[in-house]
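Novice: You'll find final-v5.pdb just under this line, and it carries PDB, C-alpha atoms and all ligand atoms.
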ATOM      1  CA  MET L   1      21.540  -4.752  -6.425  1.00  0.00           C
ATOM      2  CA  ARG L   2      22.716  -7.879  -8.179  1.00  0.00           C
ATOM      3  CA  LYS L   3      22.950 -11.191  -6.452  1.00  0.00           C
ATOM      4  CA  ALA L   4      26.463 -12.523  -6.078  1.00  0.00           C
ATOM      5  CA  ALA L   5      27.252 -15.401  -8.401  1.00  0.00           C
ATOM      6  CA  LEU L   6      27.433 -18.657  -6.552  1.00  0.00           C
ATOM      7  CA  THR L   7      29.015 -21.486  -8.461  1.00  0.00           C
ATOM      8  CA  VAL L   8      29.135 -25.184  -7.705  1.00  0.00           C
ATOM      9  CA  ASP L   9      30.851 -28.053  -9.466  1.00  0.00           C
ATOM     10  CA  THR L  10      27.814 -30.106 -10.464  1.00  0.00           C
ATOM     11  CA  TRP L  11      29.931 -33.144 -11.377  1.00  0.00           C
ATOM     12  CA  GLU L  12      31.689 -33.242  -8.049  1.00  0.00           C
ATOM     13  CA  LEU L  13      28.379 -32.719  -6.246  1.00  0.00           C
ATOM     14  CA  ALA L  14      26.939 -35.784  -8.029  1.00  0.00           C
ATOM     15  CA  ARG L  15      30.034 -37.932  -7.712  1.00  0.00           C
ATOM     16  CA  LEU L  16      30.484 -37.262  -4.006  1.00  0.00           C
ATOM     17  CA  VAL L  17      26.715 -37.212  -3.292  1.00  0.00           C
ATOM     18  CA  GLN L  18      27.084 -33.841  -1.647  1.00  0.00           C
ATOM     19  CA  GLU L  19      24.642 -31.169  -0.709  1.00  0.00           C
ATOM     20  CA  GLN L  20      25.091 -27.429  -0.572  1.00  0.00           C
ATOM     21  CA  HIS L  21      22.659 -24.926   0.782  1.00  0.00           C
ATOM     22  CA  GLY L  22      22.478 -21.279   1.587  1.00  0.00           C
ATOM     23  CA  GLU L  23      20.442 -18.108   1.636  1.00  0.00           C
ATOM     24  CA  ALA L  24      20.419 -15.084  -0.629  1.00  0.00           C
ATOM     25  CA  PRO L  25      18.526 -11.787  -0.347  1.00  0.00           C
ATOM     26  CA  LEU L  26      15.502 -11.701  -2.647  1.00  0.00           C
ATOM     27  CA  ALA L  27      16.450  -8.119  -3.573  1.00  0.00           C
ATOM     28  CA  GLY L  28      19.146  -9.525  -5.871  1.00  0.00           C
ATOM     29  CA  PHE L  29      16.680 -11.543  -7.963  1.00  0.00           C
ATOM     30  CA  SER L  30      15.723  -8.712 -10.298  1.00  0.00           C
ATOM     31  CA  ARG L  31      14.079 -10.873 -12.977  1.00  0.00           C
ATOM     32  CA  LEU L  32      11.860 -12.549 -10.392  1.00  0.00           C
ATOM     33  CA  LEU L  33      10.960  -9.216  -8.791  1.00  0.00           C
ATOM     34  CA  GLU L  34       9.798  -7.719 -12.078  1.00  0.00           C
ATOM     35  CA  GLY L  35       6.047  -7.191 -11.887  1.00  0.00           C
ATOM     36  CA  LEU L  36       5.796  -8.143  -8.199  1.00  0.00           C
ATOM     37  CA  PRO L  37       4.713  -5.709  -5.474  1.00  0.00           C
ATOM     38  CA  GLU L  38       7.448  -4.295  -3.241  1.00  0.00           C
ATOM     39  CA  GLN L  39       9.212  -6.938  -1.174  1.00  0.00           C
ATOM     40  CA  THR L  40      11.260  -6.054   1.876  1.00  0.00           C
ATOM     41  CA  GLY L  41      13.693  -8.139   3.846  1.00  0.00           C
ATOM     42  CA  ARG L  42      12.858 -11.381   2.053  1.00  0.00           C
ATOM     43  CA  VAL L  43      15.444 -14.135   1.841  1.00  0.00           C
ATOM     44  CA  VAL L  44      15.606 -17.041  -0.591  1.00  0.00           C
ATOM     45  CA  SER L  45      16.646 -20.367   0.956  1.00  0.00           C
ATOM     46  CA  TRP L  46      18.063 -22.836  -1.512  1.00  0.00           C
ATOM     47  CA  SER L  47      19.792 -26.204  -1.649  1.00  0.00           C
ATOM     48  CA  VAL L  48      21.340 -28.428  -4.284  1.00  0.00           C
ATOM     49  CA  SER L  49      22.130 -32.077  -3.798  1.00  0.00           C
ATOM     50  CA  GLY L  50      23.856 -34.463  -6.146  1.00  0.00           C
ATOM     51  CA  GLU L  51      23.564 -38.191  -6.780  1.00  0.00           C
ATOM     52  CA  THR L  52      24.830 -40.792  -9.217  1.00  0.00           C
ATOM     53  CA  ASN L  53      22.821 -43.890 -10.091  1.00  0.00           C
ATOM     54  CA  THR L  54      24.121 -47.398 -10.774  1.00  0.00           C
ATOM     55  CA  LEU L  55      24.304 -46.610 -14.505  1.00  0.00           C
ATOM     56  CA  GLY L  56      26.673 -43.751 -13.758  1.00  0.00           C
ATOM     57  CA  GLN L  57      24.084 -41.102 -14.643  1.00  0.00           C
ATOM     58  CA  CYS L  58      24.416 -37.923 -12.623  1.00  0.00           C
ATOM     59  CA  PHE L  59      21.511 -36.030 -11.104  1.00  0.00           C
ATOM     60  CA  MET L  60      21.073 -32.810  -9.202  1.00  0.00           C
ATOM     61  CA  THR L  61      18.043 -31.879  -7.118  1.00  0.00           C
ATOM     62  CA  LEU L  62      17.412 -28.200  -6.669  1.00  0.00           C
ATOM     63  CA  ARG L  63      15.114 -26.808  -4.000  1.00  0.00           C
ATOM     64  CA  ALA L  64      14.297 -23.233  -3.113  1.00  0.00           C
ATOM     65  CA  ARG L  65      11.712 -21.316  -1.142  1.00  0.00           C
ATOM     66  CA  VAL L  66      10.959 -17.712  -0.290  1.00  0.00           C
ATOM     67  CA  ASP L  67       7.959 -15.895   1.152  1.00  0.00           C
ATOM     68  CA  VAL L  68       6.783 -13.263  -1.291  1.00  0.00           C
ATOM     69  CA  THR L  69       4.100 -10.595  -1.144  1.00  0.00           C
ATOM     70  CA  LEU L  70       1.575 -10.962  -3.955  1.00  0.00           C
ATOM     71  CA  GLU L  71      -1.516  -8.984  -4.878  1.00  0.00           C
ATOM     72  CA  CYS L  72      -4.681 -11.059  -4.848  1.00  0.00           C
ATOM     73  CA  GLN L  73      -6.335 -10.699  -8.255  1.00  0.00           C
ATOM     74  CA  ARG L  74      -9.780 -11.210  -6.731  1.00  0.00           C
ATOM     75  CA  CYS L  75      -9.842  -8.751  -3.810  1.00  0.00           C
ATOM     76  CA  LEU L  76      -6.719  -6.708  -4.721  1.00  0.00           C
ATOM     77  CA  SER L  77      -5.219  -6.910  -1.240  1.00  0.00           C
ATOM     78  CA  MET L  78      -1.668  -8.073  -0.570  1.00  0.00           C
ATOM     79  CA  PHE L  79      -0.975 -11.460   0.893  1.00  0.00           C
ATOM     80  CA  ASP L  80       2.046 -13.558   1.766  1.00  0.00           C
ATOM     81  CA  TYR L  81       2.698 -16.542  -0.413  1.00  0.00           C
ATOM     82  CA  SER L  82       5.179 -19.308   0.227  1.00  0.00           C
ATOM     83  CA  LEU L  83       6.864 -19.699  -3.145  1.00  0.00           C
ATOM     84  CA  GLN L  84       8.742 -22.952  -3.445  1.00  0.00           C
ATOM     85  CA  MET L  85      10.146 -25.249  -6.059  1.00  0.00           C
ATOM     86  CA  GLU L  86      11.837 -28.604  -6.279  1.00  0.00           C
ATOM     87  CA  ASN L  87      13.265 -30.061  -9.455  1.00  0.00           C
ATOM     88  CA  ARG L  88      15.417 -33.125 -10.061  1.00  0.00           C
ATOM     89  CA  LEU L  89      17.544 -32.711 -13.141  1.00  0.00           C
ATOM     90  CA  ARG L  90      19.731 -35.107 -15.055  1.00  0.00           C
ATOM     91  CA  LEU L  91      23.192 -33.714 -15.670  1.00  0.00           C
ATOM     92  CA  VAL L  92      24.503 -34.117 -19.188  1.00  0.00           C
ATOM     93  CA  GLU L  93      27.812 -33.195 -20.774  1.00  0.00           C
ATOM     94  CA  THR L  94      26.803 -31.771 -24.138  1.00  0.00           C
ATOM     95  CA  GLU L  95      24.204 -29.427 -25.635  1.00  0.00           C
ATOM     96  CA  ALA L  96      23.437 -32.197 -28.143  1.00  0.00           C
ATOM     97  CA  GLU L  97      22.072 -34.384 -25.335  1.00  0.00           C
ATOM     98  CA  ILE L  98      19.769 -31.572 -24.237  1.00  0.00           C
ATOM     99  CA  GLU L  99      18.538 -31.067 -27.802  1.00  0.00           C
ATOM    100  CA  ALA L 100      17.914 -34.807 -28.134  1.00  0.00           C
ATOM    101  CA  GLU L 101      15.888 -34.767 -24.926  1.00  0.00           C
ATOM    102  CA  GLU L 102      13.841 -31.770 -26.038  1.00  0.00           C
ATOM    103  CA  ALA L 103      13.129 -33.389 -29.410  1.00  0.00           C
ATOM    104  CA  GLY L 104      11.947 -36.603 -27.749  1.00  0.00           C
ATOM    105  CA  VAL L 105       8.619 -37.476 -26.155  1.00  0.00           C
ATOM    106  CA  ASP L 106       7.683 -35.308 -23.214  1.00  0.00           C
ATOM    107  CA  ASP L 107       7.694 -38.019 -20.571  1.00  0.00           C
ATOM    108  CA  PRO L 108       7.116 -36.567 -17.094  1.00  0.00           C
ATOM    109  CA  ASP L 109       9.022 -39.502 -15.572  1.00  0.00           C
ATOM    110  CA  ILE L 110      12.219 -38.482 -17.333  1.00  0.00           C
ATOM    111  CA  PRO L 111      13.906 -35.610 -15.520  1.00  0.00           C
ATOM    112  CA  ASP L 112      14.794 -32.515 -17.526  1.00  0.00           C
ATOM    113  CA  HIS L 113      18.366 -32.420 -18.697  1.00  0.00           C
ATOM    114  CA  LEU L 114      20.781 -29.786 -17.536  1.00  0.00           C
ATOM    115  CA  LEU L 115      24.201 -29.035 -18.917  1.00  0.00           C
ATOM    116  CA  GLY L 116      26.580 -29.828 -16.078  1.00  0.00           C
ATOM    117  CA  SER L 117      29.482 -27.552 -15.308  1.00  0.00           C
ATOM    118  CA  SER L 118      32.379 -27.194 -12.939  1.00  0.00           C
ATOM    119  CA  PHE L 119      31.285 -23.580 -12.431  1.00  0.00           C
ATOM    120  CA  PHE L 120      27.527 -23.821 -12.403  1.00  0.00           C
ATOM    121  CA  ASP L 121      25.660 -20.645 -11.408  1.00  0.00           C
ATOM    122  CA  VAL L 122      23.141 -22.008  -8.902  1.00  0.00           C
ATOM    123  CA  LEU L 123      21.278 -18.793  -8.160  1.00  0.00           C
ATOM    124  CA  GLU L 124      20.518 -18.140 -11.840  1.00  0.00           C
ATOM    125  CA  LEU L 125      18.798 -21.502 -12.035  1.00  0.00           C
ATOM    126  CA  VAL L 126      17.061 -20.916  -8.688  1.00  0.00           C
ATOM    127  CA  GLU L 127      15.703 -17.657 -10.113  1.00  0.00           C
ATOM    128  CA  ASP L 128      14.493 -19.340 -13.339  1.00  0.00           C
ATOM    129  CA  GLU L 129      12.734 -22.053 -11.368  1.00  0.00           C
ATOM    130  CA  LEU L 130      11.110 -19.654  -8.899  1.00  0.00           C
ATOM    131  CA  ILE L 131       9.777 -17.577 -11.805  1.00  0.00           C
ATOM    132  CA  LEU L 132       8.193 -20.742 -13.215  1.00  0.00           C
ATOM    133  CA  ALA L 133       6.723 -21.537  -9.790  1.00  0.00           C
ATOM    134  CA  LEU L 134       4.971 -18.157  -9.453  1.00  0.00           C
ATOM    135  CA  PRO L 135       1.190 -18.495  -9.631  1.00  0.00           C
ATOM    136  CA  TYR L 136      -0.064 -17.218 -12.978  1.00  0.00           C
ATOM    137  CA  VAL L 137      -3.055 -15.505 -11.328  1.00  0.00           C
ATOM    138  CA  PRO L 138      -2.237 -14.991  -7.625  1.00  0.00           C
ATOM    139  CA  LYS L 139      -5.323 -15.350  -5.420  1.00  0.00           C
ATOM    140  CA  HIS L 140      -6.199 -16.000  -1.800  1.00  0.00           C
ATOM    141  CA  GLU L 141      -7.739 -19.417  -1.405  1.00  0.00           C
ATOM    142  CA  VAL L 142     -10.500 -17.606   0.441  1.00  0.00           C
ATOM    143  CA  CYS L 143     -10.421 -13.829   0.406  1.00  0.00           C
ATOM    144  CA  PRO L 144     -10.516 -12.401   3.954  1.00  0.00           C
ATOM    145  CA  SER L 145     -13.209  -9.832   3.130  1.00  0.00           C
ATOM    146  CA  LEU L 146     -15.155  -8.386   0.275  1.00  0.00           C
ATOM    147  CA  PRO L 147     -13.336  -5.831  -1.821  1.00  0.00           C
ATOM    148  CA  GLN L 148     -13.802  -2.321  -0.494  1.00  0.00           C
ATOM    149  CA  GLU L 149     -15.537  -1.340  -3.713  1.00  0.00           C
ATOM    150  CA  LEU L 150     -18.378  -3.696  -2.895  1.00  0.00           C
ATOM    151  CA  GLU L 151     -18.681  -2.496   0.676  1.00  0.00           C
ATOM    152  CA  THR L 152     -18.834   1.190  -0.204  1.00  0.00           C
ATOM    153  CA  PRO L 153     -22.456   2.206  -0.633  1.00  0.00           C
ATOM    154  CA  GLU L 154     -23.386   3.748  -3.960  1.00  0.00           C
ATOM    155  CA  GLY L 155     -23.309   7.513  -4.136  1.00  0.00           C
ATOM    156  CA  SER L 156     -20.526   7.707  -1.573  1.00  0.00           C
ATOM    157  CA  ASP L 157     -18.095  10.582  -1.550  1.00  0.00           C
ATOM    158  CA  THR L 158     -16.034   9.287  -4.478  1.00  0.00           C
ATOM    159  CA  GLY L 159     -18.778  10.746  -6.639  1.00  0.00           C
ATOM    160  CA  ARG L 160     -18.687   7.990  -9.236  1.00  0.00           C
ATOM    161  CA  PRO L 161     -19.978   4.460  -9.178  1.00  0.00           C
ATOM    162  CA  SER L 162     -17.377   1.755  -8.761  1.00  0.00           C
ATOM    163  CA  PRO L 163     -16.851  -0.563 -11.722  1.00  0.00           C
ATOM    164  CA  PHE L 164     -18.221  -3.372  -9.562  1.00  0.00           C
ATOM    165  CA  ALA L 165     -21.450  -1.500  -8.840  1.00  0.00           C
ATOM    166  CA  VAL L 166     -21.870  -0.863 -12.568  1.00  0.00           C
ATOM    167  CA  LEU L 167     -21.347  -4.550 -13.279  1.00  0.00           C
ATOM    168  CA  ALA L 168     -23.865  -5.514 -10.634  1.00  0.00           C
ATOM    169  CA  LYS L 169     -26.464  -3.256 -12.249  1.00  0.00           C
ATOM    170  CA  LEU L 170     -25.776  -4.731 -15.683  1.00  0.00           C
ATOM    171  CA  LYS L 171     -26.337  -8.202 -14.280  1.00  0.00           C
ATOM    172  CA  LYS L 172     -29.680  -7.236 -12.779  1.00  0.00           C
ATOM    173  CA  ASP L 173     -31.032  -5.816 -16.064  1.00  0.00           C
TER     174      ASP L 173
HETATM  175 ZN    ZN R 201      -8.160 -12.047  -2.063  1.00  0.00          ZN
END
Kindly present the structure from the file in structure tokens form.
Ligand SMILES: [Zn+2]
Specialist:
Amino acid sequence: MRKAALTVDTWELARLVQEQHGEAPLAGFSRLLEGLPEQTGRVVSWSVSGETNTLGQCFMTLRARVDVTLECQRCLSMFDYSLQMENRLRLVETEAEIEAEEAGVDDPDIPDHLLGSSFFDVLELVEDELILALPYVPKHEVCPSLPQELETPEGSDTGRPSPFAVLAKLKKD
């Protein structure tokens, strides 16, 4: 399943200080879903709003959020995570302006530049930004319980010691 392309005119959005928002099934975001556990019935909510400052510079603020299921890397159980992003971008007209920005000092106060377009694919950018917002090592803040491996007594019916039990022994020695 591919997500339907959804285009906006970024220049008009900025000039008219408009906002657009909508929802799209997460199932269409195949690049984001790569490497994630199975997700069912999830929906991405997104919005874009435009503005123009007194210098005539155009900006676009993109926001998106979706609840995703992640696997905790500490206790290996699944948990729901509210994945969200917000990014204010300066719209520019040429690639050269983007290259100039990238070559310059990395000032966090200066918004990233984005090539504006009359047919801008919003959901592609939403997907890029949500991928960047994914936690690198997903973890519960506090795991709800010890991993099963630690709770299973040694010599249980699996017949072999869990890697955690082996580690614990190594630590004791
Ligand atoms: Zn956990």
Novice: Could you report the residues within 9 Å of ligand ZN 201 (chain R), using all atoms listed in the file, as a PyMOL selection string?
Specialist: chain L and resi 71-79+138-147
Novice: Next, the residues of the selection above should be written as a tab-separated table (two decimals), keeping the file's coordinate frame with C-alpha atoms.
Specialist:
chain	number	residue	atom	x	y	z
L	71	GLU	CA	-1.52	-8.98	-4.88
L	72	CYS	CA	-4.68	-11.06	-4.85
L	73	GLN	CA	-6.34	-10.70	-8.26
L	74	ARG	CA	-9.78	-11.21	-6.73
L	75	CYS	CA	-9.84	-8.75	-3.81
L	76	LEU	CA	-6.72	-6.71	-4.72
L	77	SER	CA	-5.22	-6.91	-1.24
L	78	MET	CA	-1.67	-8.07	-0.57
L	79	PHE	CA	-0.98	-11.46	0.89
L	138	PRO	CA	-2.24	-14.99	-7.62
L	139	LYS	CA	-5.32	-15.35	-5.42
L	140	HIS	CA	-6.20	-16.00	-1.80
L	141	GLU	CA	-7.74	-19.42	-1.40
L	142	VAL	CA	-10.50	-17.61	0.44
L	143	CYS	CA	-10.42	-13.83	0.41
L	144	PRO	CA	-10.52	-12.40	3.95
L	145	SER	CA	-13.21	-9.83	3.13
L	146	LEU	CA	-15.16	-8.39	0.28
L	147	PRO	CA	-13.34	-5.83	-1.82
Novice: Selected by the PyMOL selection byres (((chain L and resi 114) around 6) and not hetatm) in the shown coordinates: which residues, as number ranges by chain?
Specialist: L: 90-92, 113, 115-116
Novice: Place a sphere of radius 8 Å on (17.8, -11.4, 1.0) in the file coordinates and name every protein, DNA or RNA residue with an atom inside or on its surface, counting all atoms listed in the file; give the answer as a list in words.
Specialist: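 Every residue inside that radius is included here: Glu23, Ala24, Pro25, Leu26, Ala27, Gly28, Gly41, Arg42, Val43 and Val44 of chain L.
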Novice: What's the separation between atom CA of L:Glu19 and atom CA of L:Leu33, in Å to one decimal place?
Specialist: 27.1 Å
Novice: Just say which residues the PyMOL selection byres (((chain L and resi 37-39) around 7) and not hetatm) picks in this file, as a ChimeraX atom specification.
Specialist: /L:35-36,40-42,68-70
Novice: So the first atom is atom CA of L:Thr10 and the second is atom CA of L:Phe59; what is the distance between them in Å, to one decimal place?
Specialist: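 It comes out at 8.7 Å.
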Novice: Go through L:Glu129, L:Glu86, L:Glu93, L:Glu102 one by one, measure the shortest atom-to-atom distance of each to L:Ser117 using only C-alpha atoms, and give the residue with the smallest value.
Specialist: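 So, comparing all the options, the nearest one is L:Glu93.
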Novice: Between atom CA of L:Leu134 and atom CA of L:Ser47, what is the distance in Å, rounded to a tenth?
Specialist: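 Calculated distance between atom CA of L:Leu134 and atom CA of L:Ser47 is 18.6 Å.
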Novice: Would you mind listing what lies within 10 Å of L:His21 as a VMD selection string, with all atoms listed in the file counted and same-chain residues fewer than 2 positions away left out?
Specialist: chain L and resid 19 23 45 to 49 62 to 64
Novice: On this structure, which residues satisfy the PyMOL selection byres (((chain L and resi 133) around 7) and not hetatm), written as a list in words?
Specialist: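 When the PyMOL selection byres (((chain L and resi 133) around 7) and not hetatm) is applied to the shown file, the picked residues are Leu83, Gln84, Met85, Glu129, Leu130, Ile131, Leu132, Leu134 and Pro135 of chain L.
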Novice: Of the candidates L:Met60, L:Glu99, L:Ser30, L:Ala14, which shows the shortest atom-to-atom distance to L:Val122, using only C-alpha atoms?
Specialist: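 The shortest atom-to-atom distance to L:Val122 comes from L:Met60.
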Novice: Considering only C-alpha atoms, return as a list in words whatever protein or nucleic-acid residues lie within 8 Å of L:Gln18, sequence-local ones (same chain, fewer than 5 positions apart) excluded.
Specialist: Glu12, Leu13, Ser49, Gly50 and Glu51 of chain L
Novice: I need the residue nearest L:Ala5 from this list: L:Asp67, L:Phe29, L:Thr54, L:Val137. Use all atoms listed in the file for the distance.
Specialist: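 Counting all atoms listed in the file, the residue closest to L:Ala5 is L:Phe29.
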